[in-house]
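Student: Input file: coords.cif. Contents: mmCIF, C-alpha atoms.
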data_upload
#
loop_
_atom_site.group_PDB
_atom_site.id
_atom_site.type_symbol
_atom_site.label_atom_id
_atom_site.label_comp_id
_atom_site.auth_asym_id
_atom_site.auth_seq_id
_atom_site.Cartn_x
_atom_site.Cartn_y
_atom_site.Cartn_z
ATOM 1 C CA MET A 1 75.241 87.545 107.212
ATOM 2 C CA PHE A 2 74.227 85.913 103.948
ATOM 3 C CA LYS A 3 76.724 84.922 101.299
ATOM 4 C CA ARG A 4 77.059 87.532 98.600
ATOM 5 C CA MET A 5 77.664 86.442 95.024
ATOM 6 C CA LEU A 6 80.686 87.985 93.370
ATOM 7 C CA SER A 7 79.302 89.941 90.448
ATOM 8 C CA ALA A 8 82.616 89.959 88.562
ATOM 9 C CA PHE A 9 82.195 86.240 87.851
ATOM 10 C CA GLY A 10 78.520 86.363 86.914
ATOM 11 C CA VAL A 11 76.027 83.603 87.563
ATOM 12 C CA GLY A 12 77.670 80.486 89.012
ATOM 13 C CA GLY A 13 80.646 82.408 90.357
ATOM 14 C CA PRO A 14 82.007 82.178 93.915
ATOM 15 C CA SER A 15 80.291 83.822 96.897
ATOM 16 C CA VAL A 16 81.786 85.465 99.995
ATOM 17 C CA ASP A 17 80.676 85.458 103.616
ATOM 18 C CA THR A 18 82.635 87.202 106.379
ATOM 19 C CA VAL A 19 82.047 85.831 109.877
ATOM 20 C CA LEU A 20 83.200 87.696 112.987
ATOM 21 C CA ASP A 21 84.128 85.623 116.045
ATOM 22 C CA SER A 22 82.301 88.288 118.072
ATOM 23 C CA PRO A 23 80.599 91.539 117.004
ATOM 24 C CA HIS A 24 81.584 93.194 120.297
ATOM 25 C CA ALA A 25 84.752 95.264 120.658
ATOM 26 C CA THR A 26 86.280 98.260 122.411
ATOM 27 C CA PRO A 27 88.747 100.789 120.962
ATOM 28 C CA GLY A 28 92.277 99.399 120.923
ATOM 29 C CA GLN A 29 91.108 95.784 120.713
ATOM 30 C CA VAL A 30 91.433 93.355 117.810
ATOM 31 C CA VAL A 31 88.426 91.873 116.005
ATOM 32 C CA THR A 32 88.961 88.357 114.661
ATOM 33 C CA GLY A 33 87.055 86.181 112.237
ATOM 34 C CA GLN A 34 87.144 84.422 108.892
ATOM 35 C CA VAL A 35 86.433 85.381 105.309
ATOM 36 C CA ARG A 36 84.767 82.330 103.740
ATOM 37 C CA ILE A 37 84.784 82.091 99.944
ATOM 38 C CA GLN A 38 82.617 79.372 98.464
ATOM 39 C CA GLY A 39 83.690 78.275 95.010
ATOM 40 C CA GLY A 40 81.126 78.327 92.204
ATOM 41 C CA SER A 41 80.791 76.199 89.100
ATOM 42 C CA ALA A 42 84.287 77.026 87.806
ATOM 43 C CA ASP A 43 87.736 77.797 89.232
ATOM 44 C CA ALA A 44 88.325 81.443 90.163
ATOM 45 C CA GLU A 45 91.362 83.636 90.857
ATOM 46 C CA ILE A 46 91.036 86.459 93.381
ATOM 47 C CA GLY A 47 93.822 89.039 93.457
ATOM 48 C CA GLN A 48 93.290 90.445 96.963
ATOM 49 C CA VAL A 49 91.029 89.962 99.956
ATOM 50 C CA VAL A 50 90.614 93.351 101.658
ATOM 51 C CA LEU A 51 88.831 94.247 104.898
ATOM 52 C CA SER A 52 88.069 97.792 105.991
ATOM 53 C CA LEU A 53 86.306 99.586 108.817
ATOM 54 C CA VAL A 54 83.699 102.142 107.766
ATOM 55 C CA THR A 55 81.324 104.556 109.473
ATOM 56 C CA ARG A 56 78.876 107.229 108.417
ATOM 57 C CA VAL A 57 80.277 110.778 108.680
ATOM 58 C CA GLU A 58 78.562 114.169 108.470
ATOM 59 C CA VAL A 59 80.450 116.601 106.208
ATOM 60 C CA GLU A 60 79.849 120.358 106.140
ATOM 61 C CA ARG A 61 80.467 122.251 102.915
ATOM 62 C CA GLY A 62 79.548 125.903 103.195
ATOM 63 C CA ASP A 63 75.948 126.095 104.385
ATOM 64 C CA HIS A 64 75.203 122.491 103.464
ATOM 65 C CA GLU A 65 75.708 119.263 105.375
ATOM 66 C CA TYR A 66 75.596 115.806 103.882
ATOM 67 C CA SER A 67 76.357 112.237 104.975
ATOM 68 C CA GLY A 68 79.110 110.133 103.470
ATOM 69 C CA VAL A 69 80.814 106.827 104.202
ATOM 70 C CA SER A 70 84.295 107.095 105.655
ATOM 71 C CA GLU A 71 86.739 104.197 105.476
ATOM 72 C CA PHE A 72 89.142 104.631 108.391
ATOM 73 C CA LEU A 73 91.099 101.365 108.343
ATOM 74 C CA ARG A 74 92.034 99.162 105.385
ATOM 75 C CA VAL A 75 93.898 95.844 105.619
ATOM 76 C CA VAL A 76 94.865 93.384 102.865
ATOM 77 C CA VAL A 77 94.383 90.012 104.571
ATOM 78 C CA GLN A 78 95.530 87.828 101.670
ATOM 79 C CA GLN A 79 96.719 88.089 98.083
ATOM 80 C CA GLY A 80 96.516 85.657 95.173
ATOM 81 C CA VAL A 81 93.697 83.386 96.334
ATOM 82 C CA ARG A 82 92.733 80.493 94.033
ATOM 83 C CA VAL A 83 89.257 79.071 94.678
ATOM 84 C CA GLY A 84 88.490 75.786 92.992
ATOM 85 C CA ALA A 85 85.020 74.900 91.711
ATOM 86 C CA GLY A 86 82.830 74.019 94.704
ATOM 87 C CA GLN A 87 85.731 74.540 97.118
ATOM 88 C CA LEU A 88 85.359 76.419 100.450
ATOM 89 C CA VAL A 89 88.328 78.635 101.288
ATOM 90 C CA SER A 90 88.467 80.123 104.808
ATOM 91 C CA ILE A 91 90.874 82.982 105.476
ATOM 92 C CA PRO A 92 91.362 83.938 109.152
ATOM 93 C CA PHE A 93 91.951 87.607 109.965
ATOM 94 C CA GLN A 94 92.754 90.024 112.773
ATOM 95 C CA LEU A 95 91.502 93.589 112.459
ATOM 96 C CA PRO A 96 92.739 96.222 114.946
ATOM 97 C CA ILE A 97 90.091 98.692 116.141
ATOM 98 C CA PRO A 98 91.640 102.200 116.188
ATOM 99 C CA TRP A 99 91.555 104.028 119.524
ATOM 100 C CA GLU A 100 89.461 106.845 118.020
ATOM 101 C CA THR A 101 86.762 104.520 116.640
ATOM 102 C CA PRO A 102 83.282 105.933 117.409
ATOM 103 C CA ILE A 103 81.302 104.274 120.192
ATOM 104 C CA THR A 104 78.220 102.507 118.824
ATOM 105 C CA ALA A 105 76.916 100.629 121.891
ATOM 106 C CA VAL A 106 76.256 101.906 125.418
ATOM 107 C CA GLY A 107 74.770 100.102 128.403
ATOM 108 C CA GLY A 108 74.128 96.921 126.444
ATOM 109 C CA GLY A 109 72.168 98.636 123.658
ATOM 110 C CA GLN A 110 72.832 100.221 120.281
ATOM 111 C CA LEU A 111 73.621 103.960 120.361
ATOM 112 C CA PRO A 112 71.020 105.495 118.029
ATOM 113 C CA GLY A 113 72.430 107.007 114.853
ATOM 114 C CA MET A 114 75.798 105.269 115.142
ATOM 115 C CA THR A 115 77.125 102.544 112.827
ATOM 116 C CA VAL A 116 80.554 100.962 112.385
ATOM 117 C CA GLY A 117 81.027 97.971 110.132
ATOM 118 C CA VAL A 118 83.629 95.608 108.685
ATOM 119 C CA ARG A 119 83.404 95.755 104.892
ATOM 120 C CA THR A 120 84.716 92.899 102.768
ATOM 121 C CA GLU A 121 86.154 93.639 99.338
ATOM 122 C CA LEU A 122 87.633 91.198 96.843
ATOM 123 C CA VAL A 123 89.822 92.584 94.074
ATOM 124 C CA ILE A 124 89.340 90.535 90.926
ATOM 125 C CA ALA A 125 91.288 91.385 87.751
ATOM 126 C CA GLY A 126 92.053 94.811 89.202
ATOM 127 C CA ALA A 127 88.413 95.714 89.928
ATOM 128 C CA PRO A 128 86.945 95.719 93.454
ATOM 129 C CA ASP A 129 83.913 93.527 94.131
ATOM 130 C CA LYS A 130 82.282 94.480 97.414
ATOM 131 C CA GLY A 131 81.097 91.718 99.700
ATOM 132 C CA ASP A 132 78.992 92.019 102.819
ATOM 133 C CA LEU A 133 79.142 94.584 105.618
ATOM 134 C CA ASP A 134 79.171 93.205 109.156
ATOM 135 C CA PRO A 135 78.238 95.551 112.004
ATOM 136 C CA VAL A 136 80.607 95.919 114.955
ATOM 137 C CA LEU A 137 79.282 97.000 118.344
ATOM 138 C CA VAL A 138 81.991 99.289 119.715
ATOM 139 C CA HIS A 139 81.624 99.616 123.491
ATOM 140 C CA PRO A 140 83.183 102.393 125.596
ATOM 141 C CA LEU A 141 86.515 101.934 127.293
ATOM 142 C CA PRO A 142 86.258 101.855 131.123
ATOM 143 C CA SER A 143 87.636 105.419 131.178
ATOM 144 C CA GLN A 144 84.941 106.572 128.735
ATOM 145 C CA ASP A 145 82.270 104.665 130.624
ATOM 146 C CA ALA A 146 83.122 106.613 133.790
ATOM 147 C CA VAL A 147 82.331 109.878 131.981
ATOM 148 C CA LEU A 148 79.107 108.538 130.472
ATOM 149 C CA ASN A 149 77.938 107.268 133.853
ATOM 150 C CA ALA A 150 78.457 110.738 135.305
ATOM 151 C CA PHE A 151 76.158 112.188 132.633
ATOM 152 C CA GLY A 152 73.518 109.712 133.740
ATOM 153 C CA GLN A 153 73.968 110.521 137.428
ATOM 154 C CA LEU A 154 73.683 114.267 136.825
ATOM 155 C CA GLY A 155 70.338 113.922 135.048
ATOM 156 C CA PHE A 156 71.370 114.561 131.439
ATOM 157 C CA SER A 157 69.101 113.023 128.786
ATOM 158 C CA PHE A 158 70.389 111.637 125.498
ATOM 159 C CA ARG A 159 69.505 113.679 122.393
ATOM 160 C CA SER A 160 71.485 112.275 119.442
ATOM 161 C CA ALA A 161 74.888 111.092 118.236
ATOM 162 C CA ASP A 162 76.817 111.484 115.012
ATOM 163 C CA VAL A 163 80.321 111.610 113.566
ATOM 164 C CA GLU A 164 81.607 114.914 112.178
ATOM 165 C CA ALA A 165 84.362 115.270 109.584
ATOM 166 C CA GLY A 166 87.178 117.558 110.715
ATOM 167 C CA ARG A 167 89.688 118.069 113.488
ATOM 168 C CA LEU A 168 89.515 119.529 116.979
ATOM 169 C CA HIS A 169 91.766 122.415 117.979
ATOM 170 C CA GLY A 170 94.568 121.440 120.320
ATOM 171 C CA VAL A 171 93.762 117.708 120.375
ATOM 172 C CA PRO A 172 96.014 115.128 118.647
ATOM 173 C CA GLN A 173 93.896 113.042 116.263
ATOM 174 C CA GLU A 174 94.829 110.201 113.947
ATOM 175 C CA LEU A 175 91.473 110.022 112.181
ATOM 176 C CA GLY A 176 89.896 112.836 110.168
ATOM 177 C CA PHE A 177 86.655 112.839 112.142
ATOM 178 C CA TYR A 178 85.306 112.882 115.701
ATOM 179 C CA GLN A 179 82.157 111.651 117.410
ATOM 180 C CA GLU A 180 79.668 113.971 119.093
ATOM 181 C CA ILE A 181 77.191 112.604 121.647
ATOM 182 C CA GLU A 182 74.573 115.268 122.382
ATOM 183 C CA PHE A 183 72.572 115.593 125.590
ATOM 184 C CA PHE A 184 69.845 117.809 126.934
ATOM 185 C CA PRO A 185 71.101 119.395 130.183
ATOM 186 C CA PRO A 186 69.753 118.630 133.674
ATOM 187 C CA ALA A 187 66.657 120.598 134.644
ATOM 188 C CA GLN A 188 68.531 123.156 136.769
ATOM 189 C CA PHE A 189 70.595 124.258 133.740
ATOM 190 C CA ALA A 190 67.870 124.080 131.092
ATOM 191 C CA GLY A 191 67.228 127.814 131.203
ATOM 192 C CA ALA A 192 70.869 128.668 130.465
ATOM 193 C CA VAL A 193 72.053 125.828 128.217
ATOM 194 C CA GLN A 194 70.250 124.263 125.254
ATOM 195 C CA GLN A 195 72.434 121.175 124.876
ATOM 196 C CA VAL A 196 75.836 119.721 125.747
ATOM 197 C CA GLU A 197 77.996 117.788 123.285
ATOM 198 C CA LEU A 198 80.508 115.198 124.486
ATOM 199 C CA THR A 199 83.509 114.101 122.405
ATOM 200 C CA PHE A 200 86.152 111.508 123.276
ATOM 201 C CA VAL A 201 89.569 111.311 121.634
ATOM 202 C CA ALA A 202 91.451 108.297 122.968
ATOM 203 C CA SER A 203 95.013 107.097 122.494
ATOM 204 C CA PRO A 204 96.756 104.057 124.003
ATOM 205 C CA HIS A 205 97.664 106.039 127.139
ATOM 206 C CA GLU A 206 95.401 109.098 127.340
ATOM 207 C CA LEU A 207 91.801 110.193 127.092
ATOM 208 C CA PHE A 208 90.771 113.648 125.950
ATOM 209 C CA VAL A 209 87.255 114.653 126.979
ATOM 210 C CA ILE A 210 85.868 117.690 125.151
ATOM 211 C CA LEU A 211 82.598 119.285 126.257
ATOM 212 C CA GLU A 212 80.710 121.920 124.295
ATOM 213 C CA ALA A 213 77.691 123.751 125.679
ATOM 214 C CA ASP A 214 75.281 125.538 123.357
ATOM 215 C CA LYS A 215 74.149 128.509 125.466
ATOM 216 C CA ARG A 216 70.765 130.139 125.288
ATOM 217 C CA GLY A 217 70.743 133.851 124.511
ATOM 218 C CA GLY A 218 68.959 136.149 126.958
ATOM 219 C CA MET A 219 67.551 139.662 126.893
ATOM 220 C CA PHE A 220 70.905 141.178 127.865
ATOM 221 C CA SER A 221 73.318 138.486 126.661
ATOM 222 C CA SER A 222 74.052 136.662 123.447
ATOM 223 C CA GLY A 223 74.188 132.914 123.191
ATOM 224 C CA GLY A 224 77.273 131.088 122.027
ATOM 225 C CA ASP A 225 79.401 128.033 122.652
ATOM 226 C CA ALA A 226 81.420 127.271 125.772
ATOM 227 C CA PHE A 227 84.073 124.564 125.838
ATOM 228 C CA GLY A 228 85.539 122.293 128.486
ATOM 229 C CA HIS A 229 88.715 120.318 127.904
ATOM 230 C CA PHE A 230 90.043 117.493 130.107
ATOM 231 C CA ARG A 231 93.131 115.360 129.509
ATOM 232 C CA LEU A 232 93.828 112.394 131.766
ATOM 233 C CA SER A 233 95.427 108.972 131.628
ATOM 234 C CA HIS A 234 92.957 106.117 131.277
ATOM 235 C CA GLN A 235 93.729 105.055 134.847
ATOM 236 C CA GLU A 236 93.034 108.560 136.187
ATOM 237 C CA ALA A 237 89.866 108.891 134.137
ATOM 238 C CA GLU A 238 88.457 105.639 135.519
ATOM 239 C CA VAL A 239 88.509 106.931 139.124
ATOM 240 C CA ALA A 240 87.985 110.680 138.558
ATOM 241 C CA ASP A 241 84.953 112.370 140.102
ATOM 242 C CA TRP A 242 83.470 113.255 136.728
ATOM 243 C CA ALA A 243 80.088 114.166 138.172
ATOM 244 C CA SER A 244 81.662 116.991 140.202
ATOM 245 C CA SER A 245 83.895 118.144 137.338
ATOM 246 C CA ILE A 246 81.086 118.256 134.772
ATOM 247 C CA ASN A 247 78.661 119.875 137.206
ATOM 248 C CA GLY A 248 81.268 122.506 138.119
ATOM 249 C CA TRP A 249 82.013 123.286 134.486
ATOM 250 C CA LEU A 250 78.334 123.567 133.611
ATOM 251 C CA SER A 251 77.711 125.856 136.600
ATOM 252 C CA GLN A 252 80.460 128.189 135.351
ATOM 253 C CA VAL A 253 78.987 128.131 131.844
ATOM 254 C CA ALA A 254 75.512 128.980 133.141
ATOM 255 C CA GLN A 255 76.788 131.891 135.249
ATOM 256 C CA ARG A 256 78.954 133.524 132.598
ATOM 257 C CA GLY A 257 78.018 135.498 129.511
ATOM 258 C CA GLY A 258 78.141 134.037 126.006
ATOM 259 C CA GLY A 259 81.285 133.225 124.076
ATOM 260 C CA MET A 260 84.040 130.629 124.215
ATOM 261 C CA GLN A 261 85.414 129.495 127.533
ATOM 262 C CA GLY A 262 87.982 126.919 128.489
ATOM 263 C CA TYR A 263 87.898 124.789 131.629
ATOM 264 C CA GLY A 264 89.925 122.027 133.194
ATOM 265 C CA GLN A 265 92.830 121.635 130.775
ATOM 266 C CA HIS A 266 94.329 118.922 132.958
ATOM 267 C CA GLY A 267 93.656 117.506 136.323
ATOM 268 C CA HIS A 268 92.942 114.410 138.321
ATOM 269 C CA HIS A 269 89.871 114.596 140.504
ATOM 270 C CA GLY A 270 90.395 111.720 142.899
ATOM 271 C CA GLY A 271 87.900 109.393 144.519
ATOM 272 C CA HIS A 272 85.199 107.184 143.147
ATOM 273 C CA HIS A 273 81.961 109.003 142.596
ATOM 274 C CA GLY A 274 78.755 107.396 143.771
ATOM 275 C CA ARG A 275 76.984 104.988 141.477
ATOM 276 C CA GLY A 276 73.498 106.234 142.321
ATOM 277 C CA GLY A 277 71.104 107.608 139.744
ATOM 278 C CA MET A 278 70.375 106.301 136.274
ATOM 279 C CA GLY A 279 73.056 104.416 134.394
ATOM 280 C CA MET A 280 74.031 105.535 130.918
ATOM 281 C CA GLY A 281 72.206 102.643 129.272
ATOM 282 C CA THR A 282 68.947 103.810 130.865
ATOM 283 C CA VAL A 283 69.564 107.395 129.748
ATOM 284 C CA VAL A 284 70.258 106.371 126.147
ATOM 285 C CA ALA A 285 67.332 103.965 126.036
ATOM 286 C CA ALA A 286 64.953 106.629 127.342
ATOM 287 C CA GLY A 287 66.284 109.197 124.866
ATOM 288 C CA ALA A 288 66.056 106.758 121.983
ATOM 289 C CA ALA A 289 62.428 105.955 122.817
ATOM 290 C CA GLY A 290 61.643 109.660 122.669
ATOM 291 C CA LEU A 291 63.534 110.118 119.420
ATOM 292 C CA VAL A 292 61.958 107.328 117.439
ATOM 293 C CA GLY A 293 58.476 107.137 118.939
ATOM 294 C CA GLY A 294 58.646 103.543 120.142
ATOM 295 C CA MET A 295 60.658 102.166 117.221
ATOM 296 C CA VAL A 296 63.030 99.450 118.408
ATOM 297 C CA VAL A 297 66.703 100.328 118.357
ATOM 298 C CA GLY A 298 67.595 97.262 116.288
ATOM 299 C CA GLU A 299 65.512 98.595 113.408
ATOM 300 C CA MET A 300 67.433 101.866 113.574
ATOM 301 C CA MET A 301 70.649 99.956 112.984
ATOM 302 C CA ASP A 302 69.188 98.205 109.959
ATOM 303 C CA ASP A 303 68.001 101.517 108.535
ATOM 304 C CA ALA A 304 71.370 103.111 109.154
ATOM 305 C CA PHE A 305 73.200 100.398 107.245
ATOM 306 C CA GLU A 306 70.854 100.783 104.293
ATOM 307 C CA ASP A 307 72.462 104.187 103.814
ATOM 308 C CA PHE A 308 75.756 102.482 102.987
ATOM 309 C CA GLY A 309 74.393 101.606 99.574
ATOM 310 C CA ASP A 310 75.743 98.615 97.646
ATOM 311 C CA PHE A 311 77.371 97.005 100.609
ATOM 312 C CA GLY A 312 74.503 97.273 103.066
ATOM 313 C CA GLY A 313 74.715 93.785 104.568
ATOM 314 C CA GLU A 314 71.522 91.955 105.399
#
Transcribe the structure of this file into structure tokens.
Tutor:
Amino acid sequence: MFKRMLSAFGVGGPSVDTVLDSPHATPGQVVTGQVRIQGGSADAEIGQVVLSLVTRVEVERGDHEYSGVSEFLRVVVQQGVRVGAGQLVSIPFQLPIPWETPITAVGGGQLPGMTVGVRTELVIAGAPDKGDLDPVLVHPLPSQDAVLNAFGQLGFSFRSADVEAGRLHGVPQELGFYQEIEFFPPAQFAGAVQQVELTFVASPHELFVILEADKRGGMFSSGGDAFGHFRLSHQEAEVADWASSINGWLSQVAQRGGGMQGYGQHGHHGGHHGRGGMGMGTVVAAGAAGLVGGMVVGEMMDDAFEDFGDFGGE
């Protein structure tokens, strides 16, 4: 990332550059790095150095939906920083990644539509001066990866992903939003189900997996949403036969009439499922190619961060 001049000091003032030791992380980990402040032509006093994690969130108000930036972690890494003229001040930091942080990278590639970044903010004379925004690639936990791999094995194809403001019924959440990863169903269910949405809510010890199927209406039946709800420890989720569980739930959804249904409140489905079929990275890459008509995924990330406005990074 380039150094961003601090507008509060005007021309010749200090600049800030935040450098992450690694842009890769998983929920529950700690991201480390340094905030580097390069002194300008005169001494400067900075009240606070603040880092936050932000993501783009879809908010529904009545019949309208709009995107906003949600800050979901904020840490003051240092207070009362004096930067001499021409001096370089480096401030090390550790930033915990909340367990419910949205996944932004799958199978070695960027998940289209998803962005999480570390935003740097310097408070000078009581007014915030935003620095750069550094993207973080949040990879799935092994327990989440097991579920995503099952989607690939069953023949689902990636449709889209976003983060929705709000809370899920019956699921303990710390953050005021949740991620939805949408898939087109396997061919054998395409006549009964339009799409399936996958949501993870993780904690240090447990993983909630919420499935929502958008059913097609027929001549003698209405459409509607059907829900599946699984709650396992991370250890159980890593070895569960997710392919069988998801296939069984979707078969029930396809056979029943419209409306809300629950399935699989708890349960450990033992045994490793086979690793045949497409991996999740292949599924996402294929879906992304269809979505953007050959546009490279890296460009999508750049475009997404432009939406963050003043603090859009490079």
Student: Taking all atoms listed in the file into account, produce a table as a tab-separated table in which each residue of region 29-52 of chain A with an atom at most 6 Å from an atom of region 10-21 of chain A appears once, together with its shortest atom pair and the distance in Å to one decimal, ordered by chain and rising number.
Tutor:
residue	atom	partner	partner_atom	distance
A:Thr32	CA	A:Asp21	CA	5.7
A:Gly33	CA	A:Leu20	CA	4.2
A:Gln34	CA	A:Val19	CA	5.4
A:Val35	CA	A:Thr18	CA	4.3
A:Arg36	CA	A:Asp17	CA	5.2
A:Ile37	CA	A:Val16	CA	4.5
A:Gln38	CA	A:Ser15	CA	5.3
A:Gly39	CA	A:Pro14	CA	4.4
A:Gly40	CA	A:Pro14	CA	4.3
A:Ser41	CA	A:Gly12	CA	5.3
Student: Quote the spacing between CA of Ser245 (chain A) and CA of Ala150 (chain A) in Å to one decimal place.
Tutor: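 These atoms are spaced 9.4 Å apart.
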Student: Enter the distance from CA of Leu51 (chain A) to CA of Pro204 (chain A), in Å, rounded to one decimal.
Tutor: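 Separation of CA of Leu51 (chain A) and CA of Pro204 (chain A): 22.9 Å.
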Student: Let me know the residues the PyMOL selection byres ((chain A and resi 163) around 6) catches in the file above, as a PyMOL selection string.
Tutor: chain A and resi 57-58+162+164+178-179
Student: For the residues in the current selection, export C-alpha atoms as a PDB file, keeping the file's coordinate frame.
Tutor:
ATOM      1  CA  VAL A  57      80.277 110.778 108.680  1.00  0.00           C
ATOM      2  CA  GLU A  58      78.562 114.169 108.470  1.00  0.00           C
ATOM      3  CA  ASP A 162      76.817 111.484 115.012  1.00  0.00           C
ATOM      4  CA  GLU A 164      81.607 114.914 112.178  1.00  0.00           C
ATOM      5  CA  TYR A 178      85.306 112.882 115.701  1.00  0.00           C
ATOM      6  CA  GLN A 179      82.157 111.651 117.410  1.00  0.00           C
TER       7      GLN A 179
END
Student: List the residues sitting within 7 Å of (92.6, 91.7, 92.7) in the file's frame, using all atoms listed in the file, as a list in words.
Tutor: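 Within the cut-off we find Ile46, Gly47, Gln48, Leu122, Val123, Ile124, Ala125, Gly126, Ala127 and Pro128 of chain A.
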Student: Listed atoms of region 241-246 of chain A, axis-aligned box, 8 Å per side: centre and edge lengths to one decimal in Å, as lines of an AutoDock Vina configuration file?
Tutor:
center_x = 82.5
center_y = 115.3
center_z = 137.5
size_x = 20.9
size_y = 21.9
size_z = 21.4
Student: Find, counting only C-alpha atoms, the residue in A:Leu111, A:Leu141, A:Leu211, A:Val30 that gets nearest to Pro98 (chain A).
Tutor: A:Val30
Student: What separation in Å, quoted to one decimal, exists between CA of Phe184 (chain A) and CA of Ser251 (chain A)?
Tutor: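 Pair CA of Phe184 (chain A) / CA of Ser251 (chain A) returns 14.8 Å.
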Student: Rank A:Gly224, A:Pro96, A:Gly152, A:Gly28 by their smallest atom-to-atom distance to His205 (chain A), using all atoms listed in the file, and report the top residue only.
Tutor: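 Using all atoms listed in the file, the shortest distance to His205 (chain A) belongs to A:Gly28.
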Student: May I have the residues within 8 Å of Ser70 (chain A) as a compact mmCIF listing (two decimals) with C-alpha atoms, keeping the file's coordinate frame, using all atoms listed in the file and disregarding those fewer than 4 positions away in the same chain?
Tutor:
# COMPACT_ATOMS: atom_id res chain seq x y z
CA VAL A 54 83.70 102.14 107.77
CA THR A 55 81.32 104.56 109.47
CA ARG A 56 78.88 107.23 108.42
CA VAL A 57 80.28 110.78 108.68
Student: Nearest to Gln235 (chain A) among A:Val49, A:Leu175, A:Ile91, A:Leu207, with distances taken over all atoms listed in the file: which residue is it?
Tutor: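 Comparing A:Val49, A:Leu175, A:Ile91, A:Leu207 against Gln235 (chain A), the winner is A:Leu207.
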Student: Using the chain letters and residue numbers of this document, give as a ChimeraX atom specification the residues selected by the PyMOL selection byres ((chain A and resi 148) around 12).
Tutor: /A:103,105-107,139-147,149-158,181-183,197-200,209,237-238,241-243,246,275,278-284
Student: Determine the residue set returned by the PyMOL selection byres ((chain A and resi 121) around 6) for the present structure, and present it as a VMD selection string.
Tutor: chain A and resid 50 120 122 129 to 131
Student: Find, counting all atoms listed in the file, the residue in A:Thr101, A:His229, A:Val69, A:Ser244 that gets nearest to Pro27 (chain A).
Tutor: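 Closest residue, counting all atoms listed in the file: A:Thr101.
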Student: Do you know which residues are at most 7 Å from Ala254 (chain A) counting only C-alpha atoms, after dropping those on the same chain fewer than 5 positions away, and could you put them as a count of residues only?
Tutor: 3
Student: Using only C-alpha atoms, can you tell me which of A:Asp43, A:Ala202, A:Val59, A:His64 comes closest to Gln87 (chain A)?
Tutor: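 Looking at the shortest contact to Gln87 (chain A), the residue is A:Asp43.
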Student: Can you take the partial region 40-51 of chain A, add N, CA and C atoms, and return it as a PDB file, in the frame of the given file?
Tutor:
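part22.pdb, written as the output of this step:
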ATOM      1  N   GLY A  40      82.303  78.512  93.043  1.00  0.00           N
ATOM      2  CA  GLY A  40      81.126  78.327  92.204  1.00  0.00           C
ATOM      3  C   GLY A  40      81.281  77.147  91.274  1.00  0.00           C
ATOM      4  N   SER A  41      80.780  77.300  90.061  1.00  0.00           N
ATOM      5  CA  SER A  41      80.791  76.199  89.100  1.00  0.00           C
ATOM      6  C   SER A  41      82.105  76.091  88.332  1.00  0.00           C
ATOM      7  N   ALA A  42      82.987  77.068  88.491  1.00  0.00           N
ATOM      8  CA  ALA A  42      84.287  77.026  87.806  1.00  0.00           C
ATOM      9  C   ALA A  42      85.365  77.568  88.740  1.00  0.00           C
ATOM     10  N   ASP A  43      86.630  77.259  88.444  1.00  0.00           N
ATOM     11  CA  ASP A  43      87.736  77.797  89.232  1.00  0.00           C
ATOM     12  C   ASP A  43      87.766  79.318  89.111  1.00  0.00           C
ATOM     13  N   ALA A  44      88.263  79.976  90.166  1.00  0.00           N
ATOM     14  CA  ALA A  44      88.325  81.443  90.163  1.00  0.00           C
ATOM     15  C   ALA A  44      89.631  81.904  90.798  1.00  0.00           C
ATOM     16  N   GLU A  45      90.153  83.010  90.303  1.00  0.00           N
ATOM     17  CA  GLU A  45      91.362  83.636  90.857  1.00  0.00           C
ATOM     18  C   GLU A  45      90.976  84.992  91.448  1.00  0.00           C
ATOM     19  N   ILE A  46      91.330  85.193  92.699  1.00  0.00           N
ATOM     20  CA  ILE A  46      91.036  86.459  93.381  1.00  0.00           C
ATOM     21  C   ILE A  46      92.359  87.117  93.730  1.00  0.00           C
ATOM     22  N   GLY A  47      92.542  88.356  93.266  1.00  0.00           N
ATOM     23  CA  GLY A  47      93.822  89.039  93.457  1.00  0.00           C
ATOM     24  C   GLY A  47      94.098  89.406  94.906  1.00  0.00           C
ATOM     25  N   GLN A  48      93.110  90.010  95.577  1.00  0.00           N
ATOM     26  CA  GLN A  48      93.290  90.445  96.963  1.00  0.00           C
ATOM     27  C   GLN A  48      91.996  90.266  97.742  1.00  0.00           C
ATOM     28  N   VAL A  49      92.140  89.940  99.005  1.00  0.00           N
ATOM     29  CA  VAL A  49      91.029  89.962  99.956  1.00  0.00           C
ATOM     30  C   VAL A  49      91.298  91.125 100.912  1.00  0.00           C
ATOM     31  N   VAL A  50      90.405  92.110 100.902  1.00  0.00           N
ATOM     32  CA  VAL A  50      90.614  93.351 101.658  1.00  0.00           C
ATOM     33  C   VAL A  50      89.477  93.534 102.656  1.00  0.00           C
ATOM     34  N   LEU A  51      89.831  93.882 103.890  1.00  0.00           N
ATOM     35  CA  LEU A  51      88.831  94.247 104.898  1.00  0.00           C
ATOM     36  C   LEU A  51      89.051  95.694 105.305  1.00  0.00           C
TER      37      LEU A  51
END
